[in-house]
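Novice: My questions all concern the structure below.
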Amino acid sequence: MAENKRDYYEVLGIPKTADDAEIKKAYRVLAKKYHPDMNPGDKEAEAKFKEASEAYAVLIDPDKRAKYDQFGHAAFDGAGGAGFDYNSADFSDIFGDIFGDLFGGGFGGFGGFGGFGGFGSRSRDAGGVAKGQNLYTNIRISFKEAITGCEKEIEMNLKDPCPDCKGTGCAPGSSPVSCTKCGGSGRVTITQQTLFGMAQSVRACPDCGGSGKIIKDKCRKCGGTAYITRRQKVQISIPAGIDDGQSIRIRDKGEPGTNGGARGDLLVEVRVGSDPVFQRQDTDIFSNVTITYAQAALGDTLRIPTVDGEVEYVLKPGTQPGTRIRLRGKGVPYLRQKGARGDHYVTFIVHVPEKLNKEQKEALLAYDAVSGGHLKDSQKKKGLFK
């Protein structure tokens with residue numbers, strides 16, 4: 001059950017402000033320490049490896065991380081409370097490079113992921129087909145735009161298929177030839193020394209990149225890469241309620257895949273500006289409203305600023321300094337719960353004037369006198385000593 005799970009940040013030993021590099025570094029250490037192939041028969045190590053892998057899979061994905069930061073483990077609870085579902089998770093972009101670094105780039109000699117499934121497939125298969133790399137950028141928006149949502153447009157360099165070779169990389173009128181190193185299969189078998197002795201792994205051919213083909217006569221326009229880079233405009237729909245540091249994923253706007261693989265995604269980190277009146281904590285908004293002593297004592301009808309405009313509020317007589325009220329439903333919209341919003345908390349600050357004119361002083365002394373005070377006497381004594 002979710003309530004029995006440890007916090008994902010605690011599992012990886014990282015702060016909630018950790019970036020992707022810190023998350024990957026922390027997971028790399030734990031994966032190497034607890035991988036079942038390095039701890040054969042150790043159920044505790046296997047459980048820790050699985051726990052760390054689940055934490056990594058969630059925190060490295062901007063969408064999943066945003067859900068987790070907002071709802072905790074409940075974000076991944078099914079109707080039966082089963083929690084995070086390995087079988088529905090796509091680990092293809094997550095484990096390929098990490099286990100390639102840890103275990104020499106191939107899985108064959110190490111029993112895959114230790115005998116328990118549900119981890120998806122690798123991002124690059126033995127034939128060299130691979131999904132393209134994700135691209136990363138950021139965008140700045142105002143505090144109000146984060147509350148209401150907005151449409152933005154950015155410009156960035158993106159790759160498109162070369163118009164001359166139509167994405168083949170070959171000069172017009174030529175064709176690729178079969179790779180002699182792999183015999184056109186796109187795969188080579190590597191034998192290497194490991195912690196457990198000699199092991200074999202199948203990898204993409206280094207000469208042809210796993211395509212099984214070699215381009216001898218390259219397209220002049222793209223240099224045989226099959227793609228050209230152009231400055232392009234990208235439309236970004238920013239949802240209402242997004243918070244500072246959260247990311248928006250735009251599918252298929254990343255690097256092109258290899259040998260027919262899908263394009264990567266574009267991840268846009270949103271930086272939200274501050275506001276001189278409002279402060280935000282999760283889905284709640286906080287602000288201060290200054291009132292006079294007379295308003296605090298006698299009550300008044302106020303116009304209180306909110307992110308939706310001013311609202312009318314009846315201040316009760318005898319309101320004490322520091323009193324906080326809640327304006328329900330006037331906070332930040334929930335990202336994934338349509339129509340739901342946080343609240344707006346207003347703290348009343350009673351203004352004490354630093355300078356008073358003669359009439360103001362006399363009025364206050366008169367009030368003090370009828371209230372049973374002795375300010376008038378002390379004021380006379382102060383004047384005598386002067």
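Residues are named by chain letter and number: chains run A, B, ... in the order of the structure tokens, numbers start at 1 in each chain, and ligands are numbered from 1 in the order shown.
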Report as a list in words all protein, DNA and RNA residues lying within 12 Å of A:Ala294, evaluated on only C-alpha atoms, omitting residues in the same chain fewer than 6 positions from it.

Specialist: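 My reading of the contact set: Asp300, Leu315, Lys316, Pro317, Gly318, Thr319, Gln320, Val350, His351, Val352, Pro353, Ala363, Leu364 and Tyr367 of chain A.
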
Novice: Grab the atom CA of A:Asp275 to atom CA of A:His344 distance for me, in Å with one decimal place.

Specialist: 14.5 Å

Novice: Looking at only C-alpha atoms, which of A:Ile23, A:Val277, A:Ile214, A:Leu59 is the one that sits closest to A:Val289?

Specialist: A:Val277

Novice: State, in Å with one decimal place, the distance from atom CA of A:Lys16 to atom CA of A:Pro62.

Specialist: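 These atoms are spaced 13.0 Å apart.
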
Novice: So that I can check the surroundings of A:Ala18, please list as a VMD selection string every protein, DNA and RNA residue that reaches within 12 Å of it, counting only C-alpha atoms and ignoring chain neighbours fewer than 5 positions away.

Specialist: chain A and resid 8 to 10 12 to 13 23 to 26 56 59 to 60 65 245

Novice: Can you tell me, as a PyMOL selection string, which residues in stretch 126-173 of chain A count as helix (DSSP H, G or I) by DSSP?

Specialist: chain A and resi 143-148

Novice: Name all residues at most 8 Å from A:Gly149 (count only C-alpha atoms; drop same-chain ones fewer than 6 positions away) and give them as a list of chain:residue names.

Specialist: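 Once the adjacent positions are removed, what remains is A:Ser237, A:Ile238, A:Pro239, A:Ala240, A:Gly241, A:Ile242.
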
Novice: Can you pull out every residue within 6 Å of A:Gly331, counting only C-alpha atoms, but drop anything in the same chain fewer than 3 positions away, and send it as a PyMOL selection string?

Specialist: chain A and resi 284-285+341-344

Novice: Name the residues in contact with A:Arg187 at a cut-off of 10 Å, using only C-alpha atoms, excluding same-chain residues fewer than 2 positions from it; report them as an NGL selection string.

Specialist: :A and (125-128 or 181-185 or 189-190 or 202-206 or 208-212)

Novice: For C-alpha atoms, I'd like the residues from the last selection saved as an mmCIF file, in the first residue's frame.

Specialist:
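Printed below is again.cif as written:
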```cif
data_model
loop_
_atom_site.group_PDB
_atom_site.id
_atom_site.type_symbol
_atom_site.label_atom_id
_atom_site.label_comp_id
_atom_site.auth_asym_id
_atom_site.auth_seq_id
_atom_site.Cartn_x
_atom_site.Cartn_y
_atom_site.Cartn_z
ATOM 1 C CA ASP A 125 17.826 -2.678 -29.658
ATOM 2 C CA ALA A 126 20.548 -4.916 -31.029
ATOM 3 C CA GLY A 127 19.827 -3.644 -34.512
ATOM 4 C CA GLY A 128 20.580 -0.050 -33.547
ATOM 5 C CA LYS A 181 31.809 -5.650 -40.241
ATOM 6 C CA CYS A 182 28.417 -7.039 -39.233
ATOM 7 C CA GLY A 183 27.457 -8.575 -42.563
ATOM 8 C CA GLY A 184 24.445 -6.307 -42.807
ATOM 9 C CA SER A 185 22.874 -7.575 -39.590
ATOM 10 C CA THR A 189 28.943 -9.935 -30.454
ATOM 11 C CA ILE A 190 31.404 -8.629 -27.872
ATOM 12 C CA VAL A 202 25.273 -8.290 -28.441
ATOM 13 C CA ARG A 203 25.594 -4.668 -29.427
ATOM 14 C CA ALA A 204 24.861 -2.410 -32.345
ATOM 15 C CA CYS A 205 27.643 -2.525 -34.908
ATOM 16 C CA PRO A 206 30.008 0.437 -34.327
ATOM 17 C CA CYS A 208 27.159 1.193 -39.291
ATOM 18 C CA GLY A 209 25.502 2.260 -36.046
ATOM 19 C CA GLY A 210 23.258 -0.793 -36.123
ATOM 20 C CA SER A 211 21.663 -0.019 -39.465
ATOM 21 C CA GLY A 212 23.542 -2.730 -41.354
#
```

Novice: Rank nothing, just name the residue among A:Pro305, A:Gly339, A:Pro321, A:Gly167 nearest to A:Gly224, using only C-alpha atoms.

Specialist: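 For A:Gly224, the nearest of the candidates is A:Gly167.
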
Novice: Applying 8 Å and only C-alpha atoms, which residues near A:Lys221 remain after dropping the ones on its own chain fewer than 4 positions away? List them as a CSV table (one decimal) with C-alpha atoms, in the first residue's frame.

Specialist:
```
chain,number,residue,atom,x,y,z
A,162,CYS,CA,17.1,16.7,-45.4
A,164,ASP,CA,17.8,16.8,-50.9
A,228,ILE,CA,19.3,19.6,-41.4
```

Novice: Quote the spacing between atom CA of A:Ala226 and atom CA of A:Pro161 in Å to one decimal place.

Specialist: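 Interatomic distance here is 5.9 Å.
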